[in-house]
file upload_27.cif (mmCIF, C-alpha atoms)
data_run
loop_
_atom_site.label_atom_id
_atom_site.label_comp_id
_atom_site.auth_asym_id
_atom_site.auth_seq_id
_atom_site.Cartn_x
_atom_site.Cartn_y
_atom_site.Cartn_z
CA MET A 1 0.00 0.00 0.00
CA PRO A 2 1.53 3.38 -0.94
CA SER A 3 2.57 5.82 1.75
CA SER A 4 0.27 8.71 2.46
CA PRO A 5 1.27 12.27 1.47
CA SER A 6 1.56 13.20 5.14
CA LYS A 7 4.46 10.75 5.53
CA THR A 8 6.21 11.36 2.26
CA GLY A 9 5.64 15.10 2.22
CA SER A 10 4.74 14.82 -1.45
CA SER A 11 2.31 17.73 -1.28
CA VAL A 12 4.84 20.14 0.25
CA LYS A 13 5.52 23.01 -2.11
CA LEU A 14 9.03 23.54 -3.46
CA GLU A 15 8.59 27.24 -2.74
CA LYS A 16 8.25 26.38 0.95
CA LEU A 17 11.58 24.53 0.97
CA GLY A 18 13.35 27.55 -0.47
CA ARG A 19 11.65 29.93 1.95
CA LEU A 20 12.56 27.68 4.91
CA TYR A 21 16.23 27.82 3.93
CA LEU A 22 16.28 31.56 3.26
CA ASP A 23 14.53 32.34 6.56
CA ASN A 24 16.59 30.07 8.81
CA ALA A 25 20.02 29.24 7.39
CA ARG A 26 23.04 31.37 8.26
CA PHE A 27 24.83 33.09 5.38
CA THR A 28 25.94 36.47 4.07
CA LYS A 29 23.59 38.81 2.20
CA HIS A 30 25.46 37.97 -0.99
CA GLU A 31 24.99 34.23 -0.43
CA ARG A 32 21.32 34.79 0.35
CA ARG A 33 20.82 36.48 -3.02
CA ARG A 34 22.58 33.66 -4.82
CA SER A 35 20.61 31.00 -2.93
CA LYS A 36 17.32 32.65 -3.84
CA LEU A 37 18.34 32.89 -7.50
CA TYR A 38 19.60 29.30 -7.75
CA TRP A 39 16.50 27.84 -6.11
CA ARG A 40 14.20 29.84 -8.39
CA GLU A 41 16.14 28.52 -11.38
CA PHE A 42 15.68 24.96 -10.16
CA VAL A 43 11.93 25.32 -9.52
CA ALA A 44 11.38 26.99 -12.88
CA ALA A 45 13.38 24.31 -14.70
CA VAL A 46 11.59 21.30 -13.17
CA GLY A 47 8.30 23.03 -13.94
CA VAL A 48 6.29 21.66 -11.00
CA LYS A 49 5.14 23.03 -7.65
CA THR A 50 5.37 20.18 -5.13
CA VAL A 51 7.90 17.66 -3.86
CA GLY A 52 5.93 14.68 -5.14
CA GLU A 53 5.89 15.98 -8.69
CA VAL A 54 9.67 16.13 -9.05
CA THR A 55 10.79 13.21 -11.21
CA ALA A 56 14.17 12.05 -12.45
CA LYS A 57 13.26 13.32 -15.93
CA LYS A 58 12.51 16.81 -14.58
CA VAL A 59 15.78 16.94 -12.64
CA LEU A 60 17.58 15.89 -15.81
CA ARG A 61 15.94 18.80 -17.61
CA TYR A 62 17.32 21.17 -14.96
CA HIS A 63 20.75 19.54 -15.25
CA ASN A 64 20.84 20.03 -19.01
CA LEU A 65 19.70 23.66 -18.83
CA VAL A 66 22.52 24.53 -16.43
CA ASP A 67 25.23 22.32 -17.89
CA LYS A 68 24.62 23.45 -21.47
CA ALA A 69 24.53 27.16 -20.67
CA GLY A 70 28.13 27.48 -21.82
CA LYS A 71 29.32 28.72 -18.44
CA SER A 72 32.30 27.74 -16.27
CA SER A 73 32.60 24.67 -14.07
CA SER A 74 32.23 26.93 -11.01
CA TYR A 75 28.96 28.33 -12.40
CA VAL A 76 27.60 24.80 -12.77
CA SER A 77 28.86 23.37 -9.48
CA ARG A 78 27.65 26.31 -7.35
CA ARG A 79 24.10 25.84 -8.60
CA PHE A 80 24.07 22.08 -8.23
CA ALA A 81 25.53 22.23 -4.73
CA LYS A 82 23.08 24.89 -3.56
CA VAL A 83 20.03 22.94 -4.74
CA LYS A 84 21.19 19.90 -2.76
CA THR A 85 21.97 22.06 0.28
CA ILE A 86 18.46 23.54 0.33
CA LEU A 87 16.88 20.11 0.00
CA ARG A 88 18.99 18.64 2.80
CA PHE A 89 18.31 21.63 5.05
CA ALA A 90 14.55 21.11 4.76
CA GLN A 91 14.99 17.39 5.35
CA GLU A 92 17.00 18.04 8.52
CA GLN A 93 14.16 20.27 9.74
CA GLY A 94 11.77 17.34 9.37
CA VAL A 95 10.03 18.67 6.27
CA ALA A 96 9.09 16.00 3.71
CA PRO A 97 12.01 13.73 4.64
CA ARG A 98 11.01 10.77 2.48
CA GLY A 99 9.93 12.88 -0.45
CA ILE A 100 13.21 14.78 -0.38
CA ASP A 101 15.11 11.48 -0.19
CA THR A 102 13.57 10.62 -3.53
CA ILE A 103 14.51 13.99 -5.06
CA LEU A 104 18.07 13.70 -3.75
CA SER A 105 18.37 10.30 -5.39
CA HIS A 106 17.34 11.95 -8.67
CA CYS A 107 19.92 14.68 -7.99
CA GLY A 108 22.71 12.13 -8.21
CA ILE A 109 23.24 13.37 -11.78
CA LEU A 110 23.95 16.90 -10.52
CA LYS A 111 27.70 16.56 -10.40
CA ARG A 112 30.54 19.01 -10.79
CA ARG A 113 31.65 19.08 -14.39
CA TYR A 114 35.18 17.83 -15.00
CA GLN A 115 37.53 20.76 -15.30
CA PRO A 116 41.08 20.32 -16.53
CA VAL A 117 43.84 21.70 -14.32
CA LEU A 118 44.40 25.30 -15.31
CA GLN A 119 47.89 26.54 -15.96
CA PRO A 120 48.94 29.46 -13.73
CA HIS A 121 48.83 32.86 -15.39
CA PRO A 122 51.08 35.07 -13.27
CA ILE A 123 50.85 38.79 -13.79
CA SER A 124 53.96 40.30 -15.36
CA ARG A 125 56.07 42.78 -13.46
CA LYS A 126 55.40 45.37 -16.18
CA ASN A 127 51.60 45.00 -15.99
CA LEU A 128 51.59 45.11 -12.19
CA HIS A 129 53.48 48.40 -12.21
CA ILE A 130 51.17 49.84 -14.85
CA LEU A 131 48.19 49.01 -12.62
CA LEU A 132 49.87 50.49 -9.54
CA ALA A 133 50.71 53.68 -11.42
CA GLY A 134 47.03 54.21 -12.29
CA ALA A 135 45.53 53.20 -8.95
CA GLY A 136 44.30 55.48 -6.17
CA GLU A 137 44.99 54.97 -2.47
CA LYS A 138 42.51 52.15 -1.91
CA TRP A 139 43.42 50.23 -5.05
CA THR A 140 47.13 50.62 -4.52
CA ALA A 141 46.61 48.98 -1.12
CA ALA A 142 44.34 46.29 -2.58
CA LEU A 143 46.79 45.34 -5.33
CA LEU A 144 49.73 45.22 -2.93
CA CYS A 145 47.78 43.18 -0.37
CA ALA A 146 46.63 40.67 -2.99
CA LEU A 147 50.25 40.19 -4.05
CA ASN A 148 51.78 40.33 -0.56
CA PHE A 149 49.12 37.98 0.93
CA CYS A 150 49.04 35.71 -2.17
CA MET A 151 45.25 35.99 -2.36
CA TYR A 152 42.45 35.90 -4.90
CA GLY A 153 39.85 38.66 -4.80
CA ALA A 154 37.33 36.47 -2.96
CA GLU A 155 39.90 35.78 -0.24
CA LEU A 156 41.01 39.39 0.06
CA ALA A 157 37.38 40.49 0.47
CA PHE A 158 37.10 38.50 3.69
CA VAL A 159 40.22 39.83 5.40
CA GLU A 160 39.27 41.86 8.48
CA ARG A 161 41.16 44.94 9.59
CA ALA A 162 41.80 43.14 12.89
CA ASP A 163 43.65 40.39 10.98
CA VAL A 164 46.40 42.84 10.02
CA ASP A 165 48.92 44.12 12.58
CA LEU A 166 50.64 47.12 11.01
CA THR A 167 52.95 47.50 14.01
CA LYS A 168 54.26 43.95 13.83
CA GLY A 169 53.90 43.87 10.07
CA THR A 170 51.98 40.59 9.94
CA LEU A 171 48.72 39.10 8.70
CA VAL A 172 46.99 36.24 10.53
CA THR A 173 43.65 35.07 9.15
CA ALA A 174 42.01 31.93 7.74
CA ARG A 175 41.08 30.88 4.24
CA LYS A 176 37.30 31.08 3.94
CA ARG A 177 36.99 27.98 1.75
CA ASN A 178 38.85 25.48 3.93
CA ARG A 179 39.58 27.46 7.13
CA VAL A 180 43.30 26.86 6.70
CA THR A 181 45.32 29.51 8.55
CA ARG A 182 46.73 32.24 6.31
CA VAL A 183 49.72 34.32 7.35
CA ALA A 184 51.98 36.85 5.65
CA VAL A 185 54.78 39.24 6.50
CA LEU A 186 53.88 42.70 5.25
CA TRP A 187 56.32 44.61 3.10
CA PRO A 188 57.06 48.21 4.12
CA ARG A 189 55.33 49.37 0.91
CA THR A 190 52.19 47.42 1.87
CA ILE A 191 52.19 48.92 5.37
CA ARG A 192 52.54 52.42 3.93
CA ALA A 193 49.70 51.87 1.49
CA LEU A 194 47.39 50.59 4.23
CA ARG A 195 48.26 53.51 6.51
CA GLU A 196 47.52 55.99 3.71
CA MET A 197 44.16 54.34 2.97
CA PRO A 198 41.13 55.73 4.87
CA GLN A 199 40.83 53.87 8.16
CA GLN A 200 37.67 52.36 9.63
CA PRO A 201 38.39 50.28 12.76
CA GLY A 202 36.43 47.09 13.36
CA SER A 203 35.52 46.55 9.72
CA PRO A 204 36.62 44.45 6.75
CA LEU A 205 40.00 45.60 5.46
CA PHE A 206 38.44 46.79 2.21
CA ILE A 207 34.96 48.30 2.13
CA SER A 208 32.88 49.98 -0.54
CA GLN A 209 31.92 53.65 -0.65
CA VAL A 210 28.70 52.83 1.22
CA GLY A 211 30.62 51.10 4.00
CA MET A 212 29.82 47.51 3.01
CA ARG A 213 32.19 44.57 2.60
CA TYR A 214 33.33 44.05 -0.96
CA GLN A 215 32.22 40.82 -2.58
CA SER A 216 34.56 39.10 -5.02
CA GLU A 217 32.42 40.31 -7.94
CA ASP A 218 32.69 43.91 -6.69
CA LEU A 219 36.47 43.63 -6.62
CA ARG A 220 36.50 42.11 -10.08
CA ARG A 221 34.38 44.93 -11.54
CA ASN A 222 36.57 47.59 -9.95
CA PHE A 223 39.66 45.81 -11.25
CA VAL A 224 38.20 45.78 -14.77
CA ARG A 225 37.61 49.55 -14.56
CA LEU A 226 41.20 50.10 -13.44
CA ARG A 227 42.53 47.80 -16.17
CA GLU A 228 40.57 49.68 -18.85
CA ARG A 229 41.69 53.03 -17.48
CA VAL A 230 45.38 52.13 -17.73
CA GLY A 231 44.96 50.51 -21.15
CA LEU A 232 45.72 46.85 -20.38
CA SER A 233 44.08 44.01 -22.29
CA GLU A 234 41.27 41.74 -21.07
CA SER A 235 43.80 38.93 -20.67
CA VAL A 236 45.02 40.57 -17.43
CA LYS A 237 42.89 39.22 -14.56
CA PHE A 238 42.76 39.98 -10.85
CA SER A 239 43.53 36.30 -10.24
CA ASP A 240 46.84 36.77 -12.11
CA ILE A 241 48.13 38.66 -9.07
CA ARG A 242 47.66 35.65 -6.82
CA ASP A 243 49.13 33.36 -9.46
CA GLY A 244 52.14 35.64 -9.72
CA ALA A 245 52.70 35.67 -5.97
CA TYR A 246 52.46 31.90 -5.63
CA VAL A 247 54.74 31.18 -8.61
CA ALA A 248 57.30 33.69 -7.32
CA ALA A 249 57.19 32.12 -3.84
CA VAL A 250 57.53 28.56 -5.17
CA ASN A 251 60.45 29.58 -7.38
CA GLY A 252 62.11 31.76 -4.76
CA LYS A 253 65.72 30.92 -4.03
CA ASP A 254 66.08 28.97 -0.77
CA VAL A 255 62.31 29.14 -0.09
CA PRO A 256 61.06 25.74 1.13
CA LEU A 257 58.00 24.53 -0.78
CA GLU A 258 56.14 24.10 2.50
CA GLN A 259 56.62 27.81 3.27
CA ALA A 260 55.24 28.78 -0.13
CA ARG A 261 52.25 26.49 0.45
CA ILE A 262 51.54 28.10 3.82
CA LEU A 263 51.58 31.55 2.20
CA GLY A 264 49.22 30.28 -0.50
CA GLY A 265 46.75 28.85 2.02
CA ARG A 266 47.47 25.23 1.10
CA MET A 267 47.36 22.29 3.50
CA THR A 268 50.74 21.40 5.04
CA ASP A 269 52.14 19.24 7.82
CA VAL A 270 52.63 22.31 10.02
CA ARG A 271 49.83 22.67 12.56
CA ASP A 272 47.61 25.74 12.28
CA ARG A 273 48.26 26.79 15.86
CA ASP A 274 52.01 26.79 15.22
CA ILE A 275 51.54 28.93 12.12
CA LYS A 276 49.39 31.40 14.08
CA ARG A 277 52.04 31.65 16.78
CA ASN A 278 54.76 32.40 14.25
CA PRO A 279 53.37 34.21 11.17
CA ARG A 280 56.93 35.16 10.23
CA ILE A 281 57.37 31.54 9.16
CA VAL A 282 56.58 32.79 5.63
CA ALA A 283 59.07 35.68 5.72
CA ASP A 284 61.33 34.19 3.04
CA ALA A 285 58.39 33.43 0.73
CA CYS A 286 57.05 36.99 1.07
CA ALA A 287 60.52 38.39 0.46
CA ALA A 288 60.87 36.27 -2.70
CA VAL A 289 57.60 37.67 -4.07
CA GLU A 290 58.66 41.24 -3.35
CA LYS A 291 62.06 40.70 -4.93
CA HIS A 292 60.49 39.23 -8.06
CA TYR A 293 58.12 42.14 -8.59
CA PHE A 294 60.05 45.07 -7.14
CA GLY A 295 63.64 43.87 -7.21
#

call {"tool": "encode", "arguments": {"input": "upload_27.cif", "output": "C-alpha cells"}}
result
Amino acid sequence: MPSSPSKTGSSVKLEKLGRLYLDNARFTKHERRRSKLYWREFVAAVGVKTVGEVTAKKVLRYHNLVDKAGKSSSYVSRRFAKVKTILRFAQEQGVAPRGIDTILSHCGILKRRYQPVLQPHPISRKNLHILLAGAGEKWTAALLCALNFCMYGAELAFVERADVDLTKGTLVTARKRNRVTRVAVLWPRTIRALREMPQQPGSPLFISQVGMRYQSEDLRRNFVRLRERVGLSESVKFSDIRDGAYVAAVNGKDVPLEQARILGGRMTDVRDRDIKRNPRIVADACAAVEKHYFG
C-alpha cells in the first residue's frame, strides 16, 4: 500500500523549501541572493510546484539547462551544490524527509563538471606596475595586499582589519573555503599603502563607498575599470596577481615549498596553531615575491 502524502511530504511546495532555507540558514547577504536565485532557477526548470511531482526526468531537464549554458565549471557546481543544500536543510528540519530522499536520489546526476587543471597565469612585473601607477589609495593597497598575501579577490574580500597588525607587520587570518590559517609578513610598501588608505576600525579591510564589505564580484568589476583606465588588455585578470605571488614564492631561491604552500593557504604538515604563533614563518616566501616584482 503506498505511503500517504503526510508521511512522504509529497504535497509540500518547493517554494516552501526555499523559503525555509532563506529564513533560517546562516549566510551572508550575498549568499542569500545567490541561494534565492539558484532555487528559483531549479523550480522553474523542473516546472512543478510540489515535492511529489519532481521526477528524475525533470531533474535531468534542470541539469541540461545549467550544464549546457556554456558557463564555467564553477557556475555549474555552485548551482548544483546549492540545490542539494536547500533540499537537505529542509529534510534536517523534518520537512518531507522521504519525499526529499527521492529527489536527492534523482539529484545524483547533478555533479561538478570535469575541469582540466588550469595553468597558472602570473601577472607580469610590467603590468603590475602599470596598474599600480594608475591606482588610487585604496586600489594601490588592494593590489599590494593581494600580491603580498598571495590571495584571490574572494579571499582578500574576507580579510578583516583586525587580521592585520601594522605594528608587527603581519597578517593572521584563515582561508574562507577550507579554514586553513593564512599568514603573511607585510612589506614596508604594503604597510605604507594601508596607513595611507582611509581607516575604519572594526571593519573588513576593504569596504565599498557605502561602508559595506566588498564581494569578489565587486572587486573584479573595480579591477576591470582600473585595467581599462590604464589601457591593459582583457587577458590581465585579478587572479593573475595571486598566481604571480604563488609562482614567485615557489620559485624563490632557498624558499622551502612548505613555506610557499603556507603563504598560499594550502594544506601542510605544520599545525595551524604553530603557524598562528609564528606568522613570520613565511618571511622568506614573502621576500621572494617582493624581490620578483620590485627587485

call {"tool": "resolve_selection", "arguments": {"input": "upload_27.cif", "expression": "the PyMOL selection byres ((chain A and resi 52) around 9)", "output": "list in words"}}
result
Pro5, Thr8, Gly9, Ser10, Ser11, Val12, Lys13, Lys49, Thr50, Val51, Glu53, Val54, Thr55, Gly99, Ile100, Thr102 and Ile103 of chain A

call {"tool": "residues_around", "arguments": {"input": "upload_27.cif", "residues": "A:Ser233", "least_positions_apart": "6", "cutoff": "12 Å", "atoms": "all atoms listed in the file", "output": "ChimeraX atom specification"}}
result
/A:127,130-131,224-227

call {"tool": "atom_distance", "arguments": {"input": "upload_27.cif", "atom1": "atom CA of A:Leu22", "atom2": "atom CA of A:Phe80"}}
result
16.8 Å

call {"tool": "residues_near_point", "arguments": {"input": "upload_27.cif", "point": "(55.1, 27.8, -9.5)", "cutoff": "12 Å", "atoms": "only C-alpha atoms", "output": "ChimeraX atom specification"}}
result
/A:119-122,242-252,255,257,260-261,264,289

call {"tool": "residues_around", "arguments": {"input": "upload_27.cif", "residues": "A:His63", "least_positions_apart": "4", "cutoff": "7 Å", "atoms": "all atoms listed in the file", "output": "PDB file with C-alpha atoms, in the frame of the given file"}}
result
ATOM      1  CA  VAL A  59      15.780  16.940 -12.640  1.00  0.00           C
ATOM      2  CA  ASP A  67      25.230  22.320 -17.890  1.00  0.00           C
ATOM      3  CA  LEU A 110      23.950  16.900 -10.520  1.00  0.00           C
TER       4      LEU A 110
END

call {"tool": "resolve_selection", "arguments": {"input": "upload_27.cif", "expression": "the PyMOL selection byres ((chain A and resi 208) around 12)", "output": "PyMOL selection string"}}
result
chain A and resi 138-139+157+198+200+203-207+209-216+218-219+222

call {"tool": "atom_distance", "arguments": {"input": "upload_27.cif", "atom1": "atom CA of A:Tyr152", "atom2": "atom CA of A:Glu137"}}
result
19.4 Å

call {"tool": "resolve_selection", "arguments": {"input": "upload_27.cif", "expression": "the PyMOL selection byres ((chain A and resi 81-88) around 8)", "output": "PyMOL selection string"}}
result
chain A and resi 17-18+21+35+38-39+42+77-80+89-92+100+104+107

call {"tool": "residues_near_point", "arguments": {"input": "upload_27.cif", "point": "(58.9, 44.4, 11.2)", "cutoff": "9 Å", "atoms": "only C-alpha atoms", "output": "PyMOL selection string"}}
result
chain A and resi 166-170+185-188

call {"tool": "atom_distance", "arguments": {"input": "upload_27.cif", "atom1": "atom CA of A:Leu171", "atom2": "atom CA of A:Ala184"}}
result
5.0 Å

call {"tool": "closest_residue", "arguments": {"input": "upload_27.cif", "among": "A:Thr28, A:Ala193, A:Lys237, A:Arg61", "to": "A:Ala135", "atoms": "all atoms listed in the file"}}
result
A:Ala193

call {"tool": "residues_around", "arguments": {"input": "upload_27.cif", "residues": "A:Ile281", "least_positions_apart": "5", "cutoff": "10 Å", "atoms": "only C-alpha atoms", "output": "count of residues only"}}
result
11

call {"tool": "residues_around", "arguments": {"input": "upload_27.cif", "residues": "A:Arg273", "least_positions_apart": "2", "cutoff": "12 Å", "atoms": "all atoms listed in the file", "output": "PyMOL selection string"}}
result
chain A and resi 172-174+180-183+269-271+275-279

call {"tool": "closest_residue", "arguments": {"input": "upload_27.cif", "among": "A:Arg34, A:Ala133, A:Arg40, A:Ala69", "to": "A:Gly231", "atoms": "all atoms listed in the file"}}
result
A:Ala133

call {"tool": "closest_residue", "arguments": {"input": "upload_27.cif", "among": "A:Gly153, A:Pro256, A:Gly134, A:Gly295", "to": "A:Arg229", "atoms": "only C-alpha atoms"}}
result
A:Gly134

call {"tool": "closest_residue", "arguments": {"input": "upload_27.cif", "among": "A:Ala287, A:Ala45, A:Leu128, A:Val95", "to": "A:Phe223", "atoms": "all atoms listed in the file"}}
result
A:Leu128

call {"tool": "closest_residue", "arguments": {"input": "upload_27.cif", "among": "A:Val282, A:Val66, A:His30, A:Ser73", "to": "A:Glu217", "atoms": "all atoms listed in the file"}}
result
A:His30

call {"tool": "axis_aligned_box", "arguments": {"input": "upload_27.cif", "around": "stretch 236-246 of chain A", "padding_each_side": "3 Å", "output": "AutoDock Vina command-line options"}}
result
--center_x 47.7 --center_y 36.2 --center_z -11.5 --size_x 15.9 --size_y 14.7 --size_z 17.8
